[in-house]
Amino acid sequence: MRKVLVLSLIVLIFSLGFAGLLEEIQKRGVLRVGQDPGYMPLYGTNEKGERIGFEVDLLKKMAEILGVKIEYVIVNWDGIIPALISGKFDFILAGMTITPERALKVDFSIPYLTIGQTVLYNVRKYHSPPTSDELKKMKNLKIAVQLGTTGEFAARRLFPNAEIMTFETMDQAAYQVALGRADIMVVDSIYAMYMADKYEQLASTGELLTKEELGIAVRKGELEFLQWINTFLRWAKVSGLIDELKEKWNVQAE
Amino acid sequence: MCRRSEGGMKGFRIARRLLTAAGIFALAAVGYVLIGKVYPFNWGLVLRYYRLFLMGLFVTMKISLISIVISFFLGLLFALMRKSKIEFFEDIGGLYVWFFRNTPLLVVILLTYYGVGTIVNLDRFWASVIALSLFEGAYITEIIRSGIEAVPKGEIEAAKSLGFTNFQVFASVVFPQSIRIALPPLIGQFVSLIKDSSLASIIALGELTMMARQVGTRTLASFESYLIVAFLYIAITTIISTLGRYLERRLAIP
C-alpha cells in the first residue's frame with residue numbers, strides 16, 4: 001500500500017513538473033504559430049495587416065476549439081525549424097512539406113494537403129508552357145527559388161546545370177520572374193496557380209515535377225500535442241472543413 | 001603620457017594575454033558542452049558542404065576587394081570635391097555624403113538592384129559592388145576629409161611660399177600626411193565593408209552568409225554553419241586589420 005502511495009506521488013510530481021504543451025497553451029491562453037512572411041493562398045498579410053489564408057482559417061478553428069488566441073511569430077523560412085527547436089513558437093503551420101530529412105529535427109502531423117513542385121514562368125518569355133525536358137536542355141537557365149524550400153531542392157536535383165538564385169521570401173523569387181531577371185521559379189503548385197491567376201504576365205506550366213504532402217511540425221517529443229493536432233486534422237478532413245476552405249481560397253490541391 | 005618600459009614588461013604582457021586566451025577558450029568549451037546537451041552538434045554533416053563555404057568565401061573576398069578599391073577612390077574624389085573652392089563641387093560632395101550616410105545599406109542595395117539595375121540591367125554581383133562602393137565611399141569621404149583637415153595650415157602656407165603649385169602642395173605635402181592620419185579609421189571602414197557585404201544576400205548573391213544559410217537549410221544544422229561563417233569572417237577581417245597595422249608602422253613618420 002505504502003509503495004503504491006509513494007509511486008503515485010512520484011508520478012504526480014513528475015506530471016506536474018512536465019505539464020504537456022497542450023495544457024501549457026490553454027493555461028497561457030495563446031497559441032503561438034511559426035510562419036514566414038507569405039505563401040498565398042495558404043497564408044499572407046492583407047492590406048490592413050491582418051493574416052489571411054487557408055491555413056489562417058484552419059488555425060482560427062484550432063484556436064476556437066482550444067479557447068485561446070493566436071499569436072503569429074514571423075521568421076524567415078530558412079530559420080523556421082531552428083526557431084521551432086529553440087521554442088520561439090509551439091508549432092509550424094506554414095505549408096511545410098513533410099520530408100524524412102526534416103523529420104530528423106521535428107515531428108510531423110498527418111498530411112492535410114497534397115501538392116507538387118511546378119514551374120512558374122513569364123508569358124512574355126515563353127510563348128507556350130516550357131516542359132521540364134525543354135528546360136533541362138536550356139543553357140544558362142536562371143531559376144529563382146525560396147531559400148530552404150523543397151522548390152530549391154527540386155530545382156537543384158532536376159536542373160543541375162542551371163543557376164539557382166535563392167531568395168528569402170516566395171514573393172521576392174516570383175518577382176524575379178515577373179521582372180525577367182530569372183527565367184523560371186520552381187515552387188509549390190498552389191502558389192504558382194495563385195500567382196498565375198493574380199498577375200497576367202505570370203503563368204504556371206501545371207506540370208508536377210514532384211509529389212509532396214504538407215504537414216504541421218512540432219518539436220521532437222511533443223507527442224501529446226501532436227496527437228491532438230492529428231485528431232484535429234482528421235476531424236477537419238472528415239467534417240468537410242478542409243474542403244470548404246479549399247473552395248473559399250481556391251486551393252487547387254488534393 | 002608615460003610609456004611602460006619594454007623588456008621585463010613584455011614577457012608579462014604575453015603571459016597575461018595567453019592566460020586571457022586560455023580563460024576564454026575554457027569558457028567557450030564549457031559553453032559548447034552545455035549547448036551540446038540541448039542541441040546535438042553535427043559537424044560532419046555541415047563540413048560535407050565545405051565547397052559551398054569556399055565558394056561563398058571567394059565571392060565575399062572578390063566583392064570586398066573590388067569595393068574597397070572603388071570606395072577608396074570614390075572617397076578620395078568626393079573628399080577633394082568637399083574641400084574644393086568651387087561651390088558647385090562642394091555641394092555635390094556634401095549631397096553625396098548626406099544621401100549615403102542617411103540611407104540604410106540594405107535600401108541602397110535594393111535600390112541599385114531593383115531600381116537602377118532594371119534600367120541598365122546590372123547583374124547581382126555588380127549591383128552589390130556598386131551599392132557597397134557608393135555606401136562605404138561616403139564614410140571614406142569623411143575620413144579622408146578629416147585627414148586633409150588635420151594637416152597643419154602652416155605647412156601648406158610654407159610650401160606655397162616656397163613656390164609650390166597647388167597640385168604640388170597637395171601631392172607632396174597634404175596627401176601623404178592625410179593618408180597616414182586617415183589610415184587607422186580607413187582600415188576600420190574596410191573591415192566594416194567586408195562585414196556589410198553580407199547584406200548582399202538579400203538579392204540572392206551567393207556570398208559567404210548566403211552560402212551558410214543554404215548549408216543551414218540543407219543540413220538543418222544552422223548553428224554549426226553560422227559558427228563556421230562567423231569564424232571565417234573573423235579570419236578575413238583579422239588579416240585585413242593586421243595588414244593595416246603593419247602598413248601603419250611601415251608608413252609612420254619616424
# chains A, B, ... in the order shown; residues from 1 in each chain; ligands from 1
call {"tool": "interface_residues", "arguments": {"of": "chain B", "to": "chain A", "cutoff": "10 Å", "atoms": "only C-alpha atoms", "output": "PDB file with all heavy atoms, in the first residue's frame"}}
result
ATOM      1  N   VAL B  38      21.662  20.325 -25.168  1.00  0.00           N
ATOM      2  CA  VAL B  38      20.323  20.643 -25.694  1.00  0.00           C
ATOM      3  C   VAL B  38      20.301  20.517 -27.210  1.00  0.00           C
ATOM      4  O   VAL B  38      19.343  20.067 -27.804  1.00  0.00           O
ATOM      5  CB  VAL B  38      19.933  22.101 -25.335  1.00  0.00           C
ATOM      6  CG1 VAL B  38      18.435  22.285 -25.481  1.00  0.00           C
ATOM      7  CG2 VAL B  38      20.409  22.454 -23.951  1.00  0.00           C
ATOM      8  N   TYR B  39      21.377  20.942 -27.822  1.00  0.00           N
ATOM      9  CA  TYR B  39      21.447  20.974 -29.287  1.00  0.00           C
ATOM     10  C   TYR B  39      22.550  20.033 -29.752  1.00  0.00           C
ATOM     11  O   TYR B  39      23.724  20.323 -29.564  1.00  0.00           O
ATOM     12  CB  TYR B  39      21.754  22.413 -29.750  1.00  0.00           C
ATOM     13  CG  TYR B  39      21.826  22.576 -31.250  1.00  0.00           C
ATOM     14  CD1 TYR B  39      20.713  22.976 -31.973  1.00  0.00           C
ATOM     15  CD2 TYR B  39      23.012  22.312 -31.936  1.00  0.00           C
ATOM     16  CE1 TYR B  39      20.781  23.113 -33.339  1.00  0.00           C
ATOM     17  CE2 TYR B  39      23.075  22.442 -33.305  1.00  0.00           C
ATOM     18  CZ  TYR B  39      21.962  22.846 -33.997  1.00  0.00           C
ATOM     19  OH  TYR B  39      22.029  22.979 -35.356  1.00  0.00           O
ATOM     20  N   TYR B 114      17.061  46.664 -57.910  1.00  0.00           N
ATOM     21  CA  TYR B 114      15.717  46.704 -58.478  1.00  0.00           C
ATOM     22  C   TYR B 114      15.431  48.020 -59.192  1.00  0.00           C
ATOM     23  O   TYR B 114      14.592  48.073 -60.080  1.00  0.00           O
ATOM     24  CB  TYR B 114      14.667  46.461 -57.391  1.00  0.00           C
ATOM     25  CG  TYR B 114      14.691  45.056 -56.886  1.00  0.00           C
ATOM     26  CD1 TYR B 114      15.081  44.767 -55.595  1.00  0.00           C
ATOM     27  CD2 TYR B 114      14.331  44.003 -57.714  1.00  0.00           C
ATOM     28  CE1 TYR B 114      15.111  43.470 -55.125  1.00  0.00           C
ATOM     29  CE2 TYR B 114      14.362  42.704 -57.263  1.00  0.00           C
ATOM     30  CZ  TYR B 114      14.750  42.437 -55.965  1.00  0.00           C
ATOM     31  OH  TYR B 114      14.785  41.156 -55.518  1.00  0.00           O
ATOM     32  N   THR B 118      17.397  47.536 -63.051  1.00  0.00           N
ATOM     33  CA  THR B 118      16.426  47.093 -64.063  1.00  0.00           C
ATOM     34  C   THR B 118      16.559  47.926 -65.328  1.00  0.00           C
ATOM     35  O   THR B 118      16.285  47.444 -66.422  1.00  0.00           O
ATOM     36  CB  THR B 118      14.981  47.223 -63.541  1.00  0.00           C
ATOM     37  OG1 THR B 118      15.027  47.666 -62.197  1.00  0.00           O
ATOM     38  CG2 THR B 118      14.267  45.915 -63.612  1.00  0.00           C
ATOM     39  N   ASN B 121      20.222  46.954 -66.579  1.00  0.00           N
ATOM     40  CA  ASN B 121      20.471  45.518 -66.478  1.00  0.00           C
ATOM     41  C   ASN B 121      21.816  45.164 -65.821  1.00  0.00           C
ATOM     42  O   ASN B 121      22.739  44.667 -66.469  1.00  0.00           O
ATOM     43  CB  ASN B 121      20.377  44.853 -67.852  1.00  0.00           C
ATOM     44  CG  ASN B 121      20.108  43.364 -67.703  1.00  0.00           C
ATOM     45  OD1 ASN B 121      19.664  42.934 -66.635  1.00  0.00           O
ATOM     46  ND2 ASN B 121      20.396  42.596 -68.738  1.00  0.00           N
ATOM     47  N   LEU B 122      21.883  45.454 -64.545  1.00  0.00           N
ATOM     48  CA  LEU B 122      23.066  45.084 -63.755  1.00  0.00           C
ATOM     49  C   LEU B 122      22.854  43.682 -63.206  1.00  0.00           C
ATOM     50  O   LEU B 122      21.750  43.355 -62.802  1.00  0.00           O
ATOM     51  CB  LEU B 122      23.190  46.009 -62.557  1.00  0.00           C
ATOM     52  CG  LEU B 122      23.831  47.366 -62.727  1.00  0.00           C
ATOM     53  CD1 LEU B 122      23.712  48.132 -61.423  1.00  0.00           C
ATOM     54  CD2 LEU B 122      25.294  47.193 -63.105  1.00  0.00           C
ATOM     55  N   ASP B 123      23.895  42.864 -63.189  1.00  0.00           N
ATOM     56  CA  ASP B 123      23.691  41.572 -62.533  1.00  0.00           C
ATOM     57  C   ASP B 123      23.878  41.747 -61.026  1.00  0.00           C
ATOM     58  O   ASP B 123      24.232  42.818 -60.549  1.00  0.00           O
ATOM     59  CB  ASP B 123      24.578  40.477 -63.124  1.00  0.00           C
ATOM     60  CG  ASP B 123      26.049  40.700 -62.852  1.00  0.00           C
ATOM     61  OD1 ASP B 123      26.356  41.573 -62.037  1.00  0.00           O
ATOM     62  OD2 ASP B 123      26.871  40.013 -63.470  1.00  0.00           O
ATOM     63  N   ARG B 124      23.633  40.649 -60.284  1.00  0.00           N
ATOM     64  CA  ARG B 124      23.625  40.768 -58.820  1.00  0.00           C
ATOM     65  C   ARG B 124      24.981  41.170 -58.280  1.00  0.00           C
ATOM     66  O   ARG B 124      25.091  41.953 -57.347  1.00  0.00           O
ATOM     67  CB  ARG B 124      23.215  39.427 -58.202  1.00  0.00           C
ATOM     68  CG  ARG B 124      21.753  39.169 -58.283  1.00  0.00           C
ATOM     69  CD  ARG B 124      21.460  37.738 -57.989  1.00  0.00           C
ATOM     70  NE  ARG B 124      21.883  36.871 -59.071  1.00  0.00           N
ATOM     71  CZ  ARG B 124      22.155  35.587 -58.934  1.00  0.00           C
ATOM     72  NH1 ARG B 124      22.064  35.021 -57.767  1.00  0.00           N
ATOM     73  NH2 ARG B 124      22.528  34.872 -59.971  1.00  0.00           N
ATOM     74  N   SER B 201      23.204  39.315 -49.558  1.00  0.00           N
ATOM     75  CA  SER B 201      22.441  38.064 -49.665  1.00  0.00           C
ATOM     76  C   SER B 201      20.966  38.352 -49.937  1.00  0.00           C
ATOM     77  O   SER B 201      20.263  37.481 -50.427  1.00  0.00           O
ATOM     78  CB  SER B 201      22.609  37.233 -48.393  1.00  0.00           C
ATOM     79  OG  SER B 201      22.157  37.941 -47.280  1.00  0.00           O
ATOM     80  N   ILE B 202      20.515  39.588 -49.666  1.00  0.00           N
ATOM     81  CA  ILE B 202      19.105  39.936 -49.902  1.00  0.00           C
ATOM     82  C   ILE B 202      18.753  39.844 -51.385  1.00  0.00           C
ATOM     83  O   ILE B 202      17.629  39.548 -51.746  1.00  0.00           O
ATOM     84  CB  ILE B 202      18.790  41.352 -49.349  1.00  0.00           C
ATOM     85  CG1 ILE B 202      17.291  41.636 -49.320  1.00  0.00           C
ATOM     86  CG2 ILE B 202      19.462  42.448 -50.158  1.00  0.00           C
ATOM     87  CD1 ILE B 202      16.571  41.038 -48.185  1.00  0.00           C
ATOM     88  N   ILE B 203      19.730  40.087 -52.269  1.00  0.00           N
ATOM     89  CA  ILE B 203      19.418  39.954 -53.695  1.00  0.00           C
ATOM     90  C   ILE B 203      19.983  38.641 -54.232  1.00  0.00           C
ATOM     91  O   ILE B 203      20.303  38.516 -55.409  1.00  0.00           O
ATOM     92  CB  ILE B 203      19.927  41.169 -54.519  1.00  0.00           C
ATOM     93  CG1 ILE B 203      21.410  41.429 -54.261  1.00  0.00           C
ATOM     94  CG2 ILE B 203      19.121  42.402 -54.213  1.00  0.00           C
ATOM     95  CD1 ILE B 203      22.005  42.445 -55.220  1.00  0.00           C
ATOM     96  N   ALA B 204      20.093  37.654 -53.331  1.00  0.00           N
ATOM     97  CA  ALA B 204      20.458  36.284 -53.699  1.00  0.00           C
ATOM     98  C   ALA B 204      21.875  36.160 -54.237  1.00  0.00           C
ATOM     99  O   ALA B 204      22.166  35.262 -55.014  1.00  0.00           O
ATOM    100  CB  ALA B 204      19.462  35.689 -54.698  1.00  0.00           C
ATOM    101  N   LEU B 205      22.756  37.067 -53.844  1.00  0.00           N
ATOM    102  CA  LEU B 205      24.151  36.900 -54.236  1.00  0.00           C
ATOM    103  C   LEU B 205      24.735  35.775 -53.378  1.00  0.00           C
ATOM    104  O   LEU B 205      24.554  35.756 -52.172  1.00  0.00           O
ATOM    105  CB  LEU B 205      24.930  38.205 -53.998  1.00  0.00           C
ATOM    106  CG  LEU B 205      26.384  38.141 -54.473  1.00  0.00           C
ATOM    107  CD1 LEU B 205      26.444  38.203 -55.986  1.00  0.00           C
ATOM    108  CD2 LEU B 205      27.217  39.258 -53.877  1.00  0.00           C
ATOM    109  N   GLY B 206      25.432  34.857 -54.020  1.00  0.00           N
ATOM    110  CA  GLY B 206      25.937  33.686 -53.297  1.00  0.00           C
ATOM    111  C   GLY B 206      27.203  33.967 -52.521  1.00  0.00           C
ATOM    112  O   GLY B 206      28.220  33.314 -52.728  1.00  0.00           O
ATOM    113  N   MET B 210      25.074  33.954 -47.431  1.00  0.00           N
ATOM    114  CA  MET B 210      24.050  33.239 -48.171  1.00  0.00           C
ATOM    115  C   MET B 210      24.371  31.755 -48.263  1.00  0.00           C
ATOM    116  O   MET B 210      23.503  30.904 -48.095  1.00  0.00           O
ATOM    117  CB  MET B 210      23.926  33.849 -49.572  1.00  0.00           C
ATOM    118  CG  MET B 210      22.938  33.163 -50.470  1.00  0.00           C
ATOM    119  SD  MET B 210      21.342  32.852 -49.709  1.00  0.00           S
ATOM    120  CE  MET B 210      20.427  34.267 -50.207  1.00  0.00           C
ATOM    121  N   MET B 211      25.652  31.445 -48.496  1.00  0.00           N
ATOM    122  CA  MET B 211      26.047  30.040 -48.593  1.00  0.00           C
ATOM    123  C   MET B 211      25.834  29.332 -47.262  1.00  0.00           C
ATOM    124  O   MET B 211      25.388  28.184 -47.229  1.00  0.00           O
ATOM    125  CB  MET B 211      27.512  29.941 -49.019  1.00  0.00           C
ATOM    126  CG  MET B 211      27.722  30.287 -50.481  1.00  0.00           C
ATOM    127  SD  MET B 211      26.570  29.392 -51.542  1.00  0.00           S
ATOM    128  CE  MET B 211      27.269  29.673 -53.124  1.00  0.00           C
ATOM    129  N   ARG B 213      23.608  30.060 -45.094  1.00  0.00           N
ATOM    130  CA  ARG B 213      22.174  29.836 -44.925  1.00  0.00           C
ATOM    131  C   ARG B 213      21.715  28.661 -45.771  1.00  0.00           C
ATOM    132  O   ARG B 213      20.846  27.889 -45.366  1.00  0.00           O
ATOM    133  CB  ARG B 213      21.407  31.102 -45.294  1.00  0.00           C
ATOM    134  CG  ARG B 213      21.661  32.206 -44.289  1.00  0.00           C
ATOM    135  CD  ARG B 213      21.088  33.513 -44.733  1.00  0.00           C
ATOM    136  NE  ARG B 213      19.632  33.513 -44.681  1.00  0.00           N
ATOM    137  CZ  ARG B 213      18.901  34.572 -44.998  1.00  0.00           C
ATOM    138  NH1 ARG B 213      19.487  35.682 -45.388  1.00  0.00           N
ATOM    139  NH2 ARG B 213      17.608  34.525 -44.940  1.00  0.00           N
ATOM    140  N   GLN B 214      22.311  28.552 -46.976  1.00  0.00           N
ATOM    141  CA  GLN B 214      21.952  27.404 -47.828  1.00  0.00           C
ATOM    142  C   GLN B 214      22.360  26.090 -47.178  1.00  0.00           C
ATOM    143  O   GLN B 214      21.598  25.131 -47.157  1.00  0.00           O
ATOM    144  CB  GLN B 214      22.617  27.537 -49.196  1.00  0.00           C
ATOM    145  CG  GLN B 214      21.943  28.580 -50.069  1.00  0.00           C
ATOM    146  CD  GLN B 214      22.500  28.604 -51.469  1.00  0.00           C
ATOM    147  OE1 GLN B 214      23.344  27.801 -51.825  1.00  0.00           O
ATOM    148  NE2 GLN B 214      22.032  29.543 -52.265  1.00  0.00           N
ATOM    149  N   VAL B 215      23.583  26.062 -46.636  1.00  0.00           N
ATOM    150  CA  VAL B 215      24.037  24.840 -45.964  1.00  0.00           C
ATOM    151  C   VAL B 215      23.128  24.569 -44.764  1.00  0.00           C
ATOM    152  O   VAL B 215      22.714  23.438 -44.520  1.00  0.00           O
ATOM    153  CB  VAL B 215      25.510  24.962 -45.510  1.00  0.00           C
ATOM    154  CG1 VAL B 215      25.924  23.750 -44.715  1.00  0.00           C
ATOM    155  CG2 VAL B 215      26.424  25.132 -46.711  1.00  0.00           C
ATOM    156  N   GLY B 216      22.788  25.646 -44.036  1.00  0.00           N
ATOM    157  CA  GLY B 216      21.916  25.509 -42.872  1.00  0.00           C
ATOM    158  C   GLY B 216      20.581  24.878 -43.217  1.00  0.00           C
ATOM    159  O   GLY B 216      20.094  24.012 -42.497  1.00  0.00           O
ATOM    160  N   THR B 217      19.997  25.279 -44.346  1.00  0.00           N
ATOM    161  CA  THR B 217      18.691  24.722 -44.695  1.00  0.00           C
ATOM    162  C   THR B 217      18.813  23.319 -45.284  1.00  0.00           C
ATOM    163  O   THR B 217      17.904  22.535 -45.149  1.00  0.00           O
ATOM    164  CB  THR B 217      17.952  25.598 -45.724  1.00  0.00           C
ATOM    165  OG1 THR B 217      18.777  25.751 -46.868  1.00  0.00           O
ATOM    166  CG2 THR B 217      17.613  26.942 -45.153  1.00  0.00           C
ATOM    167  N   ARG B 218      19.944  23.039 -45.897  1.00  0.00           N
ATOM    168  CA  ARG B 218      20.062  21.700 -46.482  1.00  0.00           C
ATOM    169  C   ARG B 218      20.386  20.652 -45.434  1.00  0.00           C
ATOM    170  O   ARG B 218      19.970  19.510 -45.533  1.00  0.00           O
ATOM    171  CB  ARG B 218      21.144  21.691 -47.557  1.00  0.00           C
ATOM    172  CG  ARG B 218      20.576  22.179 -48.873  1.00  0.00           C
ATOM    173  CD  ARG B 218      21.481  21.792 -49.990  1.00  0.00           C
ATOM    174  NE  ARG B 218      21.924  22.987 -50.663  1.00  0.00           N
ATOM    175  CZ  ARG B 218      22.813  22.968 -51.645  1.00  0.00           C
ATOM    176  NH1 ARG B 218      23.374  21.833 -52.014  1.00  0.00           N
ATOM    177  NH2 ARG B 218      23.152  24.071 -52.240  1.00  0.00           N
ATOM    178  N   THR B 219      21.169  21.034 -44.429  1.00  0.00           N
ATOM    179  CA  THR B 219      21.556  20.068 -43.400  1.00  0.00           C
ATOM    180  C   THR B 219      20.673  20.194 -42.171  1.00  0.00           C
ATOM    181  O   THR B 219      20.701  19.327 -41.311  1.00  0.00           O
ATOM    182  CB  THR B 219      23.000  20.326 -42.960  1.00  0.00           C
ATOM    183  OG1 THR B 219      23.087  21.678 -42.509  1.00  0.00           O
ATOM    184  CG2 THR B 219      23.978  20.122 -44.092  1.00  0.00           C
ATOM    185  N   LEU B 220      19.912  21.316 -42.091  1.00  0.00           N
ATOM    186  CA  LEU B 220      19.131  21.652 -40.907  1.00  0.00           C
ATOM    187  C   LEU B 220      20.020  21.735 -39.683  1.00  0.00           C
ATOM    188  O   LEU B 220      19.607  21.459 -38.568  1.00  0.00           O
ATOM    189  CB  LEU B 220      17.994  20.649 -40.698  1.00  0.00           C
ATOM    190  CG  LEU B 220      16.931  20.738 -41.779  1.00  0.00           C
ATOM    191  CD1 LEU B 220      15.937  19.612 -41.644  1.00  0.00           C
ATOM    192  CD2 LEU B 220      16.209  22.064 -41.723  1.00  0.00           C
ATOM    193  N   ALA B 221      21.281  22.079 -39.911  1.00  0.00           N
ATOM    194  CA  ALA B 221      22.224  22.285 -38.817  1.00  0.00           C
ATOM    195  C   ALA B 221      22.743  23.709 -38.953  1.00  0.00           C
ATOM    196  O   ALA B 221      23.877  23.933 -39.328  1.00  0.00           O
ATOM    197  CB  ALA B 221      23.355  21.270 -38.904  1.00  0.00           C
ATOM    198  N   SER B 222      21.856  24.675 -38.658  1.00  0.00           N
ATOM    199  CA  SER B 222      22.235  26.063 -38.928  1.00  0.00           C
ATOM    200  C   SER B 222      23.242  26.596 -37.915  1.00  0.00           C
ATOM    201  O   SER B 222      24.079  27.416 -38.252  1.00  0.00           O
ATOM    202  CB  SER B 222      21.009  26.960 -38.975  1.00  0.00           C
ATOM    203  OG  SER B 222      19.952  26.381 -38.296  1.00  0.00           O
ATOM    204  N   PHE B 223      23.150  26.135 -36.658  1.00  0.00           N
ATOM    205  CA  PHE B 223      24.079  26.617 -35.641  1.00  0.00           C
ATOM    206  C   PHE B 223      25.521  26.378 -36.098  1.00  0.00           C
ATOM    207  O   PHE B 223      26.359  27.287 -36.091  1.00  0.00           O
ATOM    208  CB  PHE B 223      23.818  25.866 -34.323  1.00  0.00           C
ATOM    209  CG  PHE B 223      24.250  26.612 -33.088  1.00  0.00           C
ATOM    210  CD1 PHE B 223      23.778  26.221 -31.845  1.00  0.00           C
ATOM    211  CD2 PHE B 223      25.105  27.701 -33.169  1.00  0.00           C
ATOM    212  CE1 PHE B 223      24.161  26.904 -30.694  1.00  0.00           C
ATOM    213  CE2 PHE B 223      25.486  28.379 -32.024  1.00  0.00           C
ATOM    214  CZ  PHE B 223      25.019  27.977 -30.794  1.00  0.00           C
TER     215      PHE B 223
END
call {"tool": "residues_around", "arguments": {"residues": "Gly44 in chain A", "least_positions_apart": "4", "cutoff": "10 Å", "atoms": "only C-alpha atoms", "output": "list in words"}}
result
Gln35, Asp36, Pro37, Gly38, Tyr39, Met40, Gly49, Glu50, Arg51, Ile52, Gly53, Phe54, Glu55 and Val56 of chain A
call {"tool": "closest_residue", "arguments": {"among": "B:Thr141, B:Thr20, B:Thr209, B:Ser161", "to": "Gln189 in chain B", "atoms": "only C-alpha atoms"}}
result
B:Thr141
call {"tool": "residues_around", "arguments": {"residues": "Trp235 in chain A", "least_positions_apart": "3", "cutoff": "12 Å", "atoms": "only C-alpha atoms", "output": "list in words"}}
result
Leu58, Lys61, Met62, Ile65, Ile110, Tyr112, Trp228, Ile229, Asn230, Thr231, Phe232, Val238, Ser239, Gly240, Leu241, Ile242 and Asp243 of chain A
call {"tool": "atom_distance", "arguments": {"atom1": "CA of Phe190 in chain B", "atom2": "CA of Val229 in chain B"}}
result
18.5 Å
call {"tool": "closest_residue", "arguments": {"among": "B:Arg16, B:Lys37, B:Arg145, B:Lys10", "to": "Ile181 in chain B", "atoms": "only C-alpha atoms"}}
result
B:Arg145
call {"tool": "residues_around", "arguments": {"residues": "Glu136 in chain B", "least_positions_apart": "6", "cutoff": "9 Å", "atoms": "only C-alpha atoms", "output": "list of chain:residue names"}}
result
B:Ser67, B:Ile68, B:Ser71, B:Phe72, B:Gly75, B:Phe100, B:Arg101, B:Leu105, B:Gln189, B:Phe190, B:Ser192, B:Leu193
call {"tool": "atom_distance", "arguments": {"atom1": "CA of Gly94 in chain B", "atom2": "CA of Ile156 in chain B"}}
result
23.8 Å
call {"tool": "closest_residue", "arguments": {"among": "A:Ala192, A:Ile74, A:Val68, A:Val33", "to": "Ile92 in chain A", "atoms": "only C-alpha atoms"}}
result
A:Val33
call {"tool": "select_by_dssp", "arguments": {"residues": "range 85-125 of chain B", "states": "alpha helix (DSSP H)", "output": "list in words"}}
result
Glu87, Phe88, Phe89, Glu90, Asp91, Ile92, Gly93, Gly94, Leu95, Tyr96, Val97, Trp98, Phe99, Phe100, Arg101, Leu105, Leu106, Val107, Val108, Ile109, Leu110, Gly117, Thr118, Ile119, Val120, Arg124 and Phe125 of chain B
call {"tool": "write_last_selection", "arguments": {"atoms": "N, CA and C atoms", "output": "short mmCIF file (atom, residue, chain, number, x, y, z; two decimals), in the first residue's frame"}}
result
data_model
loop_
_atom_site.label_atom_id
_atom_site.label_comp_id
_atom_site.auth_asym_id
_atom_site.auth_seq_id
_atom_site.Cartn_x
_atom_site.Cartn_y
_atom_site.Cartn_z
N GLU B 87 32.12 76.12 -55.52
CA GLU B 87 30.99 75.78 -54.67
C GLU B 87 30.14 74.64 -55.21
N PHE B 88 30.04 74.57 -56.53
CA PHE B 88 29.22 73.51 -57.14
C PHE B 88 29.76 72.13 -56.73
N PHE B 89 31.08 71.95 -56.83
CA PHE B 89 31.69 70.68 -56.45
C PHE B 89 31.50 70.40 -54.97
N GLU B 90 31.64 71.46 -54.18
CA GLU B 90 31.48 71.31 -52.73
C GLU B 90 30.08 70.79 -52.41
N ASP B 91 29.08 71.36 -53.10
CA ASP B 91 27.70 70.95 -52.86
C ASP B 91 27.47 69.51 -53.27
N ILE B 92 28.05 69.13 -54.43
CA ILE B 92 27.88 67.76 -54.90
C ILE B 92 28.44 66.78 -53.87
N GLY B 93 29.64 67.10 -53.39
CA GLY B 93 30.28 66.25 -52.37
C GLY B 93 29.42 66.16 -51.13
N GLY B 94 28.89 67.31 -50.70
CA GLY B 94 28.05 67.33 -49.50
C GLY B 94 26.78 66.51 -49.69
N LEU B 95 26.18 66.63 -50.87
CA LEU B 95 24.95 65.91 -51.18
C LEU B 95 25.19 64.39 -51.16
N TYR B 96 26.30 64.00 -51.75
CA TYR B 96 26.66 62.58 -51.81
C TYR B 96 26.77 62.00 -50.40
N VAL B 97 27.55 62.67 -49.56
CA VAL B 97 27.74 62.18 -48.19
C VAL B 97 26.43 62.17 -47.44
N TRP B 98 25.66 63.26 -47.60
CA TRP B 98 24.37 63.36 -46.90
C TRP B 98 23.46 62.18 -47.29
N PHE B 99 23.37 61.90 -48.61
CA PHE B 99 22.45 60.85 -49.06
C PHE B 99 22.86 59.48 -48.53
N PHE B 100 24.12 59.11 -48.74
CA PHE B 100 24.50 57.74 -48.43
C PHE B 100 24.75 57.49 -46.95
N ARG B 101 25.00 58.57 -46.19
CA ARG B 101 25.16 58.33 -44.75
C ARG B 101 23.81 58.28 -44.05
N LEU B 105 22.15 50.63 -45.77
CA LEU B 105 22.82 49.92 -46.86
C LEU B 105 21.86 48.96 -47.57
N LEU B 106 21.00 48.32 -46.78
CA LEU B 106 20.05 47.37 -47.36
C LEU B 106 19.19 48.06 -48.43
N VAL B 107 18.75 49.28 -48.11
CA VAL B 107 17.92 50.04 -49.06
C VAL B 107 18.75 50.43 -50.28
N VAL B 108 20.02 50.79 -50.06
CA VAL B 108 20.88 51.15 -51.19
C VAL B 108 21.04 49.95 -52.12
N ILE B 109 21.23 48.77 -51.53
CA ILE B 109 21.38 47.56 -52.35
C ILE B 109 20.10 47.29 -53.14
N LEU B 110 18.95 47.39 -52.48
CA LEU B 110 17.68 47.15 -53.17
C LEU B 110 17.45 48.18 -54.27
N GLY B 117 19.28 48.89 -61.48
CA GLY B 117 19.65 47.62 -62.12
C GLY B 117 18.68 47.16 -63.19
N THR B 118 17.40 47.54 -63.05
CA THR B 118 16.43 47.09 -64.06
C THR B 118 16.56 47.93 -65.33
N ILE B 119 16.97 49.18 -65.15
CA ILE B 119 17.07 50.06 -66.32
C ILE B 119 18.31 49.70 -67.15
N VAL B 120 19.45 49.53 -66.48
CA VAL B 120 20.68 49.25 -67.23
C VAL B 120 21.10 47.78 -67.15
N ARG B 124 23.63 40.65 -60.28
CA ARG B 124 23.63 40.77 -58.82
C ARG B 124 24.98 41.17 -58.28
N PHE B 125 26.03 40.61 -58.90
CA PHE B 125 27.38 40.89 -58.39
C PHE B 125 27.72 42.37 -58.52
#
call {"tool": "closest_residue", "arguments": {"among": "A:Gly95, A:Gly67, A:Gly221, A:Pro100", "to": "Asp188 in chain A", "atoms": "only C-alpha atoms"}}
result
A:Gly95
